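Remarks on the structure that follows.
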Amino acid sequence: MKEIAVPDIGDFKDVEVIEILVKPGDTVAAEQSLITVESDKASMEIPSPGAGVVKELRLKVGDKVSQGSAILLLEEAGAPAAQAPKAAPAGAPVKPASAPAAPAPAAQSLAPAAPRPAAAAASAEPMTVKVPDIGDFKDIEVIEVLVKPGDAVAKEQSLITLESDKATMEIPSPAAGVIQELRVKTGDKVSEGAPILVLQASGAGVPAEAPPVAASATAPAPALAAVAAAAVAAAPLPPVPREPREAMQSKPHASPSVRKFARELGADLARVKGSGPKTRILHADVQSFVKGALAAVPAAAPAAKGGALPFNLPAWPDVDFAKFGPVEVKPLTRLQKLSGPNLHRNWVSIPHITQFDEADITDLEAFRKSNTAETEKQGFKLTMLAFLIKACVTALRQHPIFNSSLDRSGESLVVKKYYNIGVAVDTPEGLVVPVVRDADRKGVFEVARELADISKLARDKKLKPGDMQGGTFSISSLGGIGGTAFTPIINAPEVAILGVSKSALRPVWDGKAFVPRLMLPLSLSYDHRVIDGAAAARFTAYLASVLGDIRRTLL
């Protein structure tokens with residue numbers, strides 16, 4: 001058992017803990033961030049010196065910590081449990097956790113060094129401001145440029161923001177003056193000494209080339225301590241307030257890991273309300289913002305009405321088509337008006353992925369045709385769709401995640417033990433999706449008869465609302481029309497839908513020769529929040545094997 005303490009962060013003390021990134025029971029890797037602390041200039045994440053399991057936290061959000069302050073108790077991986085050493089007093093040097101332990105990364109943006117004496121030679125020449133000493137790290141990305149040519153800046157006003165994998169840092173101006181030229185742009189990779197901009201400094205005593213004025217990066221402890229000492233030497237100087245800037249005042253207050261998380265989700269941090277200390281934005285705040293944005297999608301004005309679209313998309317164009325030629329205005333059907341918003345909601349709120357495959361249905365089609373005469377005598381037609389429903393039930397039993405739904409919170413999966421298959425039916429008014437209930441308990445003939453009945457009800461506009469509820473999986477078949485593949489839209493709250501296109505005879509290699517086989521194209525759209533690509537590929541492969549030998553439905 002090992003007690004993890006705050007590493008050497010120079011002479012700085014009483015830095016606030018603003019985020020705890022682990023909890024008791026968590027397994028952590030070496031260099032994984034444990035807590036986030038914040039000084040007046042920057043935030044920094046304190047990493048674990050080794051791998052193991054968190055046994056006990058020794059601090060909480062809002063605590064003030066210094067070098068040597070206890071963070072947590074860690075049971076190291078591969079090591080027998082041992083009594084934790086006593087916490088080192090604040091300010092005492094921390095011995096490495098194990099040899100050779102990696103230097104603890106920390107991020108700081110420190111105050112500039114004390115100005116040179118007034119006796120230094122004044123220069124009216126423009127100065128090139130460069131990236132200061134940031135340790136041994138190179139090629140750090142510029143994520144924000146906070147000024148532009150012509151701006152008047154104050155001493156210590158932030159010029160650009162850099163980001164490494166562990167920290168964000170702002171590079172301040174070494175002097176007051178006017179920006180003449182920018183030498184970097186967002187997305188550039190910079191290292192120590194890289195030119196940032198050209199500054200026409202105001203006042204005397206400014207060197208033609210700016211000295212290192214700040215240290216900020218995930219730097220080794222010795223380098224960080226040296227920079228910290230220089231900053232402390234400058235501490236008695238009264239701070240120069242930054243020039244009021246709307247963009248700077250609204251700069252999101254978040255840790256590097258939260259910024260990265262927000263970028264991955266496409267969330268604009270400027271629109272996220274922080275719930276942490278000093279309104280800091282936490283991971284949970286970003287998650288809540290994204291969930292709220294998705295939940296708001298159905299309430300957005302539909303494009304057909306020219307209203308505002310979700311995600312700040314431009315408004316639907318309002319065009320006078322009659323200016324270009326004859327037109328006829330036909331109102332949408334009642335069914336289109338009802339289904340359109342639902343389709344729109346499903347498309348924008350579900351991350352659709354489509355898996356394409358094909359099934360050899362040569363033998364199945366021969367079997368179907370051999371039985372059509374019997375079913376026609378009974379007053380219904382034995383269609384390929386009836387076999388598809390039974391084959392899907394067999395596949396759903398083997399892969400139950402496809403017969404599930406996310407609950408309203410999006411945090412739990414409801415796996416259903418019944419099999420109600422929705423079938424898209426084309427009517428003159430538009431598509432409807434009636435449901436064949438308990439398809440697992442019905443034979444192919446019974447399913448075919450029910451399909452004939454619900455299709456007639458759909459065309460005669462006699463379907464009841466209950467006939468289209470309770471589905472667990474849907475099939476959209478275009479086989480009677482044509483096409484080779486398509487992307488069907490998932491029927492929420494289901495997590496998958498099977499699209500079927502027109503079968504075609506194709507030469508297939510059987511190991512000795514090419515033989516003609518009837519191949520059926522399959523298009524499986526699935527919710528990527530629930531199902532990954534490998535699971536989808538296994539599902540379609542299994543479904544194809546069932547269609548290739550319908551006897552598998554009996555297994």
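Each chain in the structure tokens gets a letter, A, B and so on, in the order shown; residues start at 1 in every chain, and ligands are counted from 1 in the order they appear.
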I want to know what sits within 10 Å of A:Lys456, based on only C-alpha atoms, with residues of the same chain fewer than 6 positions away left out; could you give that as a list in words? Val425, Thr427, Glu450, Lys462 and Leu463 of chain A
For the structure I just gave you, how does DSSP split stretch 267-425 of chain A - specifically, which residues are strand (DSSP E)? Reply as a list in words.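 Everything in stretch 267-425 of chain A that counts as strand (DSSP E) is His352, Ile353, Thr354, Gln355, Phe356, Asp357, Glu358, Ala359, Asp360, Ser404, Ser405, Leu406, Leu413, Val414, Val415, Ile421, Gly422, Val423 and Val425 of chain A.
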Please determine, counting only C-alpha atoms, which residue among A:Ile531, A:Ala284, A:Val393, A:Ala175 has the shortest atom-to-atom distance to A:Ile350.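 Nearest to A:Ile350: A:Ile531.
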Each residue of stretch 442-538 of chain A lying at most 12 Å from stretch 334-342 of chain A should get a row with its shortest atom-to-atom pair and the distance in Å to one decimal, counting only C-alpha atoms; could you produce that, ordered by chain and increasing number, as JSON lines?
```
{"residue": "A:Ala458", "atom": "CA", "partner": "A:Leu335", "partner_atom": "CA", "distance": 11.6}
{"residue": "A:Lys461", "atom": "CA", "partner": "A:Leu335", "partner_atom": "CA", "distance": 10.3}
{"residue": "A:Ile489", "atom": "CA", "partner": "A:Asn342", "partner_atom": "CA", "distance": 10.2}
{"residue": "A:Ile490", "atom": "CA", "partner": "A:Asn342", "partner_atom": "CA", "distance": 10.3}
{"residue": "A:Asn491", "atom": "CA", "partner": "A:Asn342", "partner_atom": "CA", "distance": 8.6}
{"residue": "A:Ala492", "atom": "CA", "partner": "A:Asn342", "partner_atom": "CA", "distance": 8.5}
{"residue": "A:Pro493", "atom": "CA", "partner": "A:Asn342", "partner_atom": "CA", "distance": 10.9}
```
Could you give me, as a PyMOL selection string, the residues within 9 Å of stretch 71-76 of chain A, counting only C-alpha atoms and dropping anything in the same chain fewer than 4 positions from it? chain A and resi 1-6+24+34-35+50-60+65+80-82+84
Near A:Lys189, counting only C-alpha atoms, which residues have an atom at most 10 Å away, once you skip same-chain residues fewer than 6 positions from it, shown as a compact mmCIF listing (two decimals) with C-alpha atoms, in the first residue's frame?
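So the final result, stored in selection10.txt, reads:
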```txt
# COMPACT_ATOMS: atom_id res chain seq x y z
CA LYS A 138 7.89 20.47 -28.05
CA ASP A 139 5.23 20.83 -30.69
CA ILE A 140 2.40 21.98 -28.41
CA GLU A 141 -0.77 22.97 -30.24
CA VAL A 142 -2.08 26.53 -30.34
CA ILE A 143 -5.78 26.16 -29.51
CA LEU A 162 -1.48 26.26 -25.76
CA GLU A 163 -2.56 22.76 -24.88
```
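Atom to atom, atom CA of A:Val319 and atom CA of A:Leu332 stand 18.0 Å apart.
Across the model, the gap from atom CA of A:Pro428 to atom CA of A:Leu457 is 12.7 Å.
Take the candidates A:Thr540, A:Ser525, A:Ser503, A:Ser477 and check each one against A:Trp347 using only C-alpha atoms; the shortest distance goes to A:Ser525.
We find atom CA of A:Leu182 and atom CA of A:Lys155 to be spaced 17.2 Å apart.
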